[in-house]
Amino acid sequence: MNLTLKIWRQKDSNSKGQMVDYKVTEISEHMSFLEMMDVLNEQLVNAGEEPVAFDHDCREGICGMCSMYINGEAHGPDRGVTTCQLHMRMFKDGDTITIEPFRAASFPVIKDLVVDRSAFDRIQHSGGYISVNTSGNTQDANSIPIAKHAADEAMDAATCIGCGACVATCKNSSAMLFVGAKVSQYALLPQGQVEAADRVKNMVAQMDLEGFGNCTNTGACEVECPKGISLDNIARMNRELMKASI
Amino acid sequence: MALDSKVPQGPLKDKWTDYKNHINLVNPANKRHIDVIVVGTGLAGGSASATLAELGYNVKSFAYQDSPRRAHSIAAQGGINAAKNYQGDGDSTYRLFYDTVKGGDYRSRESNVYRLAEVSANIIDQCVAQGVPFARDYGGLLDNRSFGGVLVSRTFYAKGQTGQQLLLGAYSAMNRQIARGKIEMFNRHEMLDVVVVDGKARGIIARNLVTGEIERHAAHAVVIASGGYGNVYFLSTNAMGSNVTAGWKVHKKGAYFANPCYTQIHPTCIPRSGDYQSKLTLMSESLRNDGRIWVPKNLEDVTAIREGKLKPTQLTEDQRDYYLERRYPAFGNLVPRDVASRAAKERCDAGYGVNATGEAVYLDFAASFERYGTEQAKIQNISNPSAAKIKELGQEIVRAKYGNLFQMYEKIVDENPYETPMMIYPAVHYTMGGVWVDYNLMTTIPGCYAIGEANFSDHGANRLGASALMQGLADGYFVLPYTIGDYLSDDIRTGKIATDTPEFDAAEKEVSERIEFFVNNKGTHSVDYYHKKLGKIMWDKCGMSRNKEGLEEAIEEISALRKDFWKNVIVPGTATEYNEQLAKAGRVADFLELGELFAKDALVREESAGGHFREEHQTEDGEAKRMKEFQFVSAWEYKGEPKDAVLHKEALVYENIEVKERSYK
């Protein structure tokens, strides 16, 4: 298929950006979206132009690096996938596709479609861990039985890949789905109880400090999340915060 | 220089404990004055960074990704082995050790593997304490599954995302130390050289991938944890950015590179679909617990399937060839990876491949749907369930076990694997070879260590499933933190390492000159053009089976390609900005050297062992034929061009295990 691409180009974080039009031809429907971008970039390199910068690494939907806002949706039109798992069969010959970076004040653009998500790391530094030494002198793993449903729910929360689609999608640029998922993982497990109150307070404080907005329950984050992280995690985080504050 | 593996004396089961009891320690007050650099933040690098920082060392960690959480360990699906014997099925430290040595085709170091098996149980304890949500049974205890090449269930897992959960565990331990200021994290940085001062590794030169700035970082020791080099094949299951550069740079500064030809071609990957393809996707080996692998028995059926006139589900049982079950009745679909891959290639080479490219076999879950469904019907007290009901019940169980893998398959291939068998084909996945290390995990450069997939040590010529996660975390959490102390105990009075020295000047100059060359060379071909060409040579001539003629051709072709690259490569943009093509040019330049050494190593190794299959050396029924005289590690010393590399041999001695024909029949 032949396509027109409208892509955000921005030289660096200090420059102003703009949308630029490109044409690509003979795109196979079996290609992934990023392979289509590879075709464009190979074309640009061969023409002596600068290729479009975008983040990507594992290309199997788990590292959380790829982050394109395609036709007004984080990771594009398909559901339950990251940009690298989006396939061109979701598009039609002759389509015009708009490609922007994940936009949020807390995710400044580094170049073109590459953004700085280090705010997520800093939230994790503030409490996204259990304070256990890695010496190996812990108790036997089976000495802490954990109900299957609790372990499964913790696993569902822990599935978050930290891509930032929730933030990019939210009209308030809220990071509550991301933070809620981490808080929930530990809140659901007995190992996380000891530090639960401090953890939620510190992580929420850091989230606010980074400039992420609040949650107004539109639920768009859950729809766009490639890993299907549930809104329940935000509710649980709010409960945990309330519990920790009284 | 003679190779000294520094394996301690004494009985196998006491070696590690005795050794730990007698090595030098650094007292806590002195650790505050010692700096360690860790390159890479996967399971090995992440766990090492966290543990070293916790012990009190000042750690500087480097990742080319935007966060340590994105290292490619995250993509490991199936699980992690540990000799816990929670299932009471006869597992033990010895059995895990035995399986791993046998699985590696008797080409790994006994003492290292035993130590790995010994600390494996501790890894699970550690990860559970960190809050890693492993799968559990209804009693709340940990669940296990079985992997290839073993007869027990010792694999712990977190759905099909075990690597992700373990890495997030290590990442959380790192976060705790970053918050304390004990780890200084350098994201979007790439190591481009190691700096050796008075014969010791004392720092690195790194490039800030956002600004292009070249930086000097000094330390008392340097740890390479940068993963494997599977991307030398262009197409592999590795991440796009995975590279050999850190390992190759230390090789060029004096570290020997061991067994480069030992590559794991994983049997269950989604087949290639076209020339545009940028990477291959793995389907976890755990699927072989419940999936049966087959091709049609008759070539007419193969043709009809390829032409779309026949569906695989229409073939009756006696029209199918479950070739693994036929050839290896004892292990069946759970033979080790190298055996399963070669068997798939054998069938496809004989014309039985089931897709348009002729390179695919079926992985079929129909039997599991029926088995689980019947069991569920009993449990749920459904009398006379219909076939459809049984299938539905069975699919629910399979969905709970592998749901994310089935979804991933459907997204890529656009076929529903619940209704039609999956198609799979082998793909490059893991490299057992790597930087040579001694028992302390130290390379032949004093003060330079290599851990995880970046080193060569524990998997011999073939790695068993669910062993990579085990090795990465064993090295980082439990081995290196001890052994590095013995070395650093000599450095308590050294003081800060200066970076304004001739050695740093020289290393930085070399790095800068290379970068300048790339951005100023007005060539004609992109970096990917060369990478794809290299990948094709590697796959065709150094792939699942190799022969003398092909390897000799590969050496010539890679050498010529490298010359062409240094003349005609084009890198757009400048050196002082975010420039992915520039970063990639450096990585491909190193792959072009490694590739040649790889072929040379494969040529010299006149035997078949594990993932290295030489057509000249096979048994009558096509199995790998090991040679007694090749019971050694090939450790290559850098001498300029890859063709001039000098071979050093570390003899492998087996005192606690009988070296036998490796049979899975």
# chains A, B, ... in the order shown; residues from 1 in each chain; ligands from 1

call {"tool": "residues_around", "arguments": {"residues": "A:Ile229", "least_positions_apart": "5", "cutoff": "10 Å", "atoms": "only C-alpha atoms", "output": "ChimeraX atom specification"}}
result
/A:80,156-161,166,177-178,180-181,221-224,234

call {"tool": "residues_around", "arguments": {"residues": "A:Thr216", "least_positions_apart": "4", "cutoff": "10 Å", "atoms": "only C-alpha atoms", "output": "VMD selection string"}}
result
chain A and resid 170 to 172 174

call {"tool": "select_by_dssp", "arguments": {"residues": "stretch 346-472 of chain B", "states": "helix (DSSP H, G or I)", "output": "ChimeraX atom specification"}}
result
/B:346-349,366-379,387-413,452-454,468-472

call {"tool": "atom_distance", "arguments": {"atom1": "atom CA of A:Glu195", "atom2": "atom CA of A:Arg117"}}
result
25.8 Å

call {"tool": "atom_distance", "arguments": {"atom1": "atom CA of A:Gly94", "atom2": "atom CA of B:Ser278"}}
result
23.9 Å

call {"tool": "interface_residues", "arguments": {"of": "chain B", "to": "chain A", "cutoff": "6 Å", "atoms": "only C-alpha atoms", "output": "tab-separated table (two decimals) with C-alpha atoms, in the first residue's frame"}}
result
chain	number	residue	atom	x	y	z
B	51	THR	CA	24.12	-5.55	45.45
B	70	ARG	CA	14.14	-1.69	29.56
B	122	ASN	CA	18.47	-18.55	46.92
B	125	ASP	CA	13.90	-16.64	47.97
B	126	GLN	CA	15.44	-13.30	47.10
B	128	VAL	CA	9.94	-13.43	46.43
B	130	GLN	CA	11.41	-8.34	46.65
B	133	PRO	CA	4.68	-12.11	41.77
B	136	ARG	CA	1.17	-19.85	42.71
B	138	TYR	CA	-4.41	-22.63	45.12
B	140	GLY	CA	-0.68	-20.22	48.02
B	141	LEU	CA	2.64	-21.95	47.36
B	172	SER	CA	13.43	-1.93	42.20
B	175	ASN	CA	15.94	2.23	42.64
B	179	ALA	CA	17.51	6.99	45.98
B	239	ALA	CA	16.32	-6.20	21.02
B	240	MET	CA	17.20	-3.85	18.18
B	241	GLY	CA	19.90	-2.17	20.24
B	572	PRO	CA	23.71	11.18	8.27

call {"tool": "atom_distance", "arguments": {"atom1": "atom CA of B:Lys13", "atom2": "atom CA of B:Thr93"}}
result
9.2 Å

call {"tool": "closest_residue", "arguments": {"among": "A:Ala187, A:Val109, A:Arg79, A:Leu40", "to": "A:Lys243", "atoms": "only C-alpha atoms"}}
result
A:Ala187

call {"tool": "residues_around", "arguments": {"residues": "A:Pro101", "least_positions_apart": "5", "cutoff": "6 Å", "atoms": "only C-alpha atoms", "output": "PyMOL selection string"}}
result
chain A and resi 68-69+113

call {"tool": "write_last_selection", "arguments": {"atoms": "C-alpha atoms", "output": "short mmCIF file (atom, residue, chain, number, x, y, z; two decimals), in the first residue's frame"}}
result
data_model
loop_
_atom_site.label_atom_id
_atom_site.label_comp_id
_atom_site.auth_asym_id
_atom_site.auth_seq_id
_atom_site.Cartn_x
_atom_site.Cartn_y
_atom_site.Cartn_z
CA MET A 68 4.18 6.97 19.14
CA TYR A 69 0.94 8.89 19.12
CA LEU A 113 9.32 11.33 18.40
#

call {"tool": "residues_around", "arguments": {"residues": "stretch 443-457 of chain B", "least_positions_apart": "4", "cutoff": "6 Å", "atoms": "only C-alpha atoms", "output": "number ranges by chain"}}
result
B: 44, 200-201, 221-228, 254-255, 432-437, 472, 475

call {"tool": "residues_around", "arguments": {"residues": "stretch 400-408 of chain B", "least_positions_apart": "3", "cutoff": "8 Å", "atoms": "only C-alpha atoms", "output": "ChimeraX atom specification"}}
result
/B:159-160,283-284,287,396-397,411-412,416-418

call {"tool": "write_last_selection", "arguments": {"atoms": "N, CA and C atoms", "output": "compact mmCIF listing (two decimals), in the first residue's frame"}}
result
# COMPACT_ATOMS: atom_id res chain seq x y z
N LYS B 159 3.54 -15.90 34.68
CA LYS B 159 2.88 -15.97 33.36
C LYS B 159 3.94 -16.20 32.28
N GLY B 160 3.80 -15.52 31.14
CA GLY B 160 4.84 -15.60 30.12
C GLY B 160 5.75 -14.40 30.18
N MET B 283 8.46 -17.55 20.74
CA MET B 283 7.32 -18.10 21.48
C MET B 283 7.93 -18.98 22.56
N SER B 284 7.63 -18.72 23.80
CA SER B 284 8.32 -19.39 24.90
C SER B 284 8.40 -20.90 24.75
N LEU B 287 5.77 -23.44 25.95
CA LEU B 287 4.67 -23.93 25.11
C LEU B 287 4.86 -25.39 24.74
N GLU B 396 -9.69 -22.71 28.16
CA GLU B 396 -9.61 -21.79 29.30
C GLU B 396 -8.33 -22.01 30.10
N ILE B 397 -7.99 -23.29 30.30
CA ILE B 397 -6.77 -23.60 31.05
C ILE B 397 -5.54 -23.12 30.29
N LYS B 411 -1.51 -11.34 17.05
CA LYS B 411 -1.27 -9.97 16.59
C LYS B 411 -0.26 -9.95 15.45
N ILE B 412 0.73 -10.83 15.51
CA ILE B 412 1.78 -10.81 14.50
C ILE B 412 1.34 -11.55 13.23
N ASN B 416 -5.71 -17.22 14.46
CA ASN B 416 -6.07 -17.53 15.83
C ASN B 416 -5.52 -18.90 16.25
N PRO B 417 -4.52 -18.92 17.12
CA PRO B 417 -3.87 -20.19 17.46
C PRO B 417 -4.74 -21.11 18.31
N TYR B 418 -5.89 -20.62 18.77
CA TYR B 418 -6.81 -21.53 19.47
C TYR B 418 -7.55 -22.41 18.45

call {"tool": "select_by_dssp", "arguments": {"residues": "stretch 506-650 of chain B", "states": "strand (DSSP E)", "output": "list in words"}}
result
Phe632, Val633, Ser634, Ala635, Trp636, Glu637, Val646, Leu647, His648, Lys649 and Glu650 of chain B

call {"tool": "residues_around", "arguments": {"residues": "stretch 495-505 of chain B", "least_positions_apart": "6", "cutoff": "8 Å", "atoms": "only C-alpha atoms", "output": "mmCIF file with C-alpha atoms, in the first residue's frame"}}
result
data_model
loop_
_atom_site.group_PDB
_atom_site.id
_atom_site.type_symbol
_atom_site.label_atom_id
_atom_site.label_comp_id
_atom_site.auth_asym_id
_atom_site.auth_seq_id
_atom_site.Cartn_x
_atom_site.Cartn_y
_atom_site.Cartn_z
ATOM 1 C CA HIS B 33 36.192 4.874 48.878
ATOM 2 C CA ILE B 34 35.917 2.369 46.065
ATOM 3 C CA VAL B 195 40.581 2.359 29.873
ATOM 4 C CA VAL B 196 43.469 0.230 31.096
ATOM 5 C CA VAL B 197 45.999 1.845 33.435
ATOM 6 C CA ARG B 202 40.326 1.690 35.561
ATOM 7 C CA ILE B 205 34.851 6.145 27.732
ATOM 8 C CA ARG B 216 35.409 9.843 30.890
ATOM 9 C CA HIS B 217 34.422 7.711 33.865
ATOM 10 C CA ALA B 218 36.970 6.264 36.263
ATOM 11 C CA ALA B 219 36.589 3.385 38.717
ATOM 12 C CA HIS B 220 38.571 0.738 40.545
#

call {"tool": "residues_around", "arguments": {"residues": "A:Lys92", "least_positions_apart": "5", "cutoff": "10 Å", "atoms": "only C-alpha atoms", "output": "CSV table (one decimal) with C-alpha atoms, in the first residue's frame"}}
result
chain,number,residue,atom,x,y,z
A,1,MET,CA,0.0,0.0,0.0
A,2,ASN,CA,1.0,3.6,-0.5
A,3,LEU,CA,0.7,6.0,2.4
A,29,GLU,CA,0.2,-5.3,5.3

call {"tool": "closest_residue", "arguments": {"among": "B:Glu190, B:Glu577, B:Glu285, B:Asp99", "to": "B:Gly79", "atoms": "only C-alpha atoms"}}
result
B:Glu285

call {"tool": "closest_residue", "arguments": {"among": "B:Glu110, B:Asp35, B:Asp321, B:Glu513", "to": "B:Tyr439", "atoms": "only C-alpha atoms"}}
result
B:Glu110

call {"tool": "decode", "arguments": {"residues": "stretch 111-174 of chain B", "atoms": "C-alpha atoms", "output": "compact mmCIF listing (two decimals), in the first residue's frame"}}
result
# COMPACT_ATOMS: atom_id res chain seq x y z
CA SER B 111 32.92 -25.80 39.17
CA ASN B 112 31.06 -22.80 37.77
CA VAL B 113 27.98 -24.81 36.91
CA TYR B 114 27.88 -26.44 40.32
CA ARG B 115 28.06 -23.04 41.98
CA LEU B 116 25.25 -21.83 39.76
CA ALA B 117 23.05 -24.77 40.79
CA GLU B 118 23.99 -24.19 44.42
CA VAL B 119 22.86 -20.55 44.55
CA SER B 120 19.80 -21.10 42.34
CA ALA B 121 17.44 -21.79 45.25
CA ASN B 122 18.47 -18.55 46.92
CA ILE B 123 17.49 -16.56 43.86
CA ILE B 124 13.86 -17.58 44.27
CA ASP B 125 13.90 -16.64 47.97
CA GLN B 126 15.44 -13.30 47.10
CA CYS B 127 12.97 -12.50 44.36
CA VAL B 128 9.94 -13.43 46.43
CA ALA B 129 11.20 -11.15 49.22
CA GLN B 130 11.41 -8.34 46.65
CA GLY B 131 7.77 -8.81 45.71
CA VAL B 132 8.17 -10.65 42.41
CA PRO B 133 4.68 -12.11 41.77
CA PHE B 134 5.57 -15.67 40.73
CA ALA B 135 2.72 -18.00 39.77
CA ARG B 136 1.17 -19.85 42.71
CA ASP B 137 -1.16 -22.77 43.18
CA TYR B 138 -4.41 -22.63 45.12
CA GLY B 139 -2.67 -23.42 48.40
CA GLY B 140 -0.68 -20.22 48.02
CA LEU B 141 2.64 -21.95 47.36
CA LEU B 142 4.87 -21.49 44.32
CA ASP B 143 4.03 -23.31 41.10
CA ASN B 144 6.51 -24.92 38.70
CA ARG B 145 6.59 -25.97 35.07
CA SER B 146 8.91 -28.16 33.07
CA PHE B 147 11.42 -27.13 30.42
CA GLY B 148 13.41 -28.88 27.72
CA GLY B 149 16.25 -31.29 28.44
CA VAL B 150 15.22 -32.21 32.00
CA LEU B 151 13.00 -34.76 33.70
CA VAL B 152 11.82 -32.66 36.66
CA SER B 153 9.66 -29.54 37.15
CA ARG B 154 11.99 -26.89 38.49
CA THR B 155 11.03 -23.82 36.51
CA PHE B 156 9.44 -20.91 38.39
CA TYR B 157 7.46 -18.45 36.31
CA ALA B 158 5.31 -15.35 36.23
CA LYS B 159 2.88 -15.97 33.36
CA GLY B 160 4.84 -15.60 30.12
CA GLN B 161 6.64 -12.57 31.53
CA THR B 162 9.15 -14.04 33.95
CA GLY B 163 12.05 -11.97 32.66
CA GLN B 164 10.03 -8.80 33.02
CA GLN B 165 9.12 -9.53 36.62
CA LEU B 166 12.65 -10.53 37.62
CA LEU B 167 14.10 -7.48 35.91
CA LEU B 168 11.60 -5.20 37.60
CA GLY B 169 12.70 -6.83 40.87
CA ALA B 170 16.34 -5.99 40.16
CA TYR B 171 15.28 -2.54 38.95
CA SER B 172 13.43 -1.93 42.20
CA ALA B 173 16.54 -2.95 44.16
CA MET B 174 18.50 -0.51 42.01
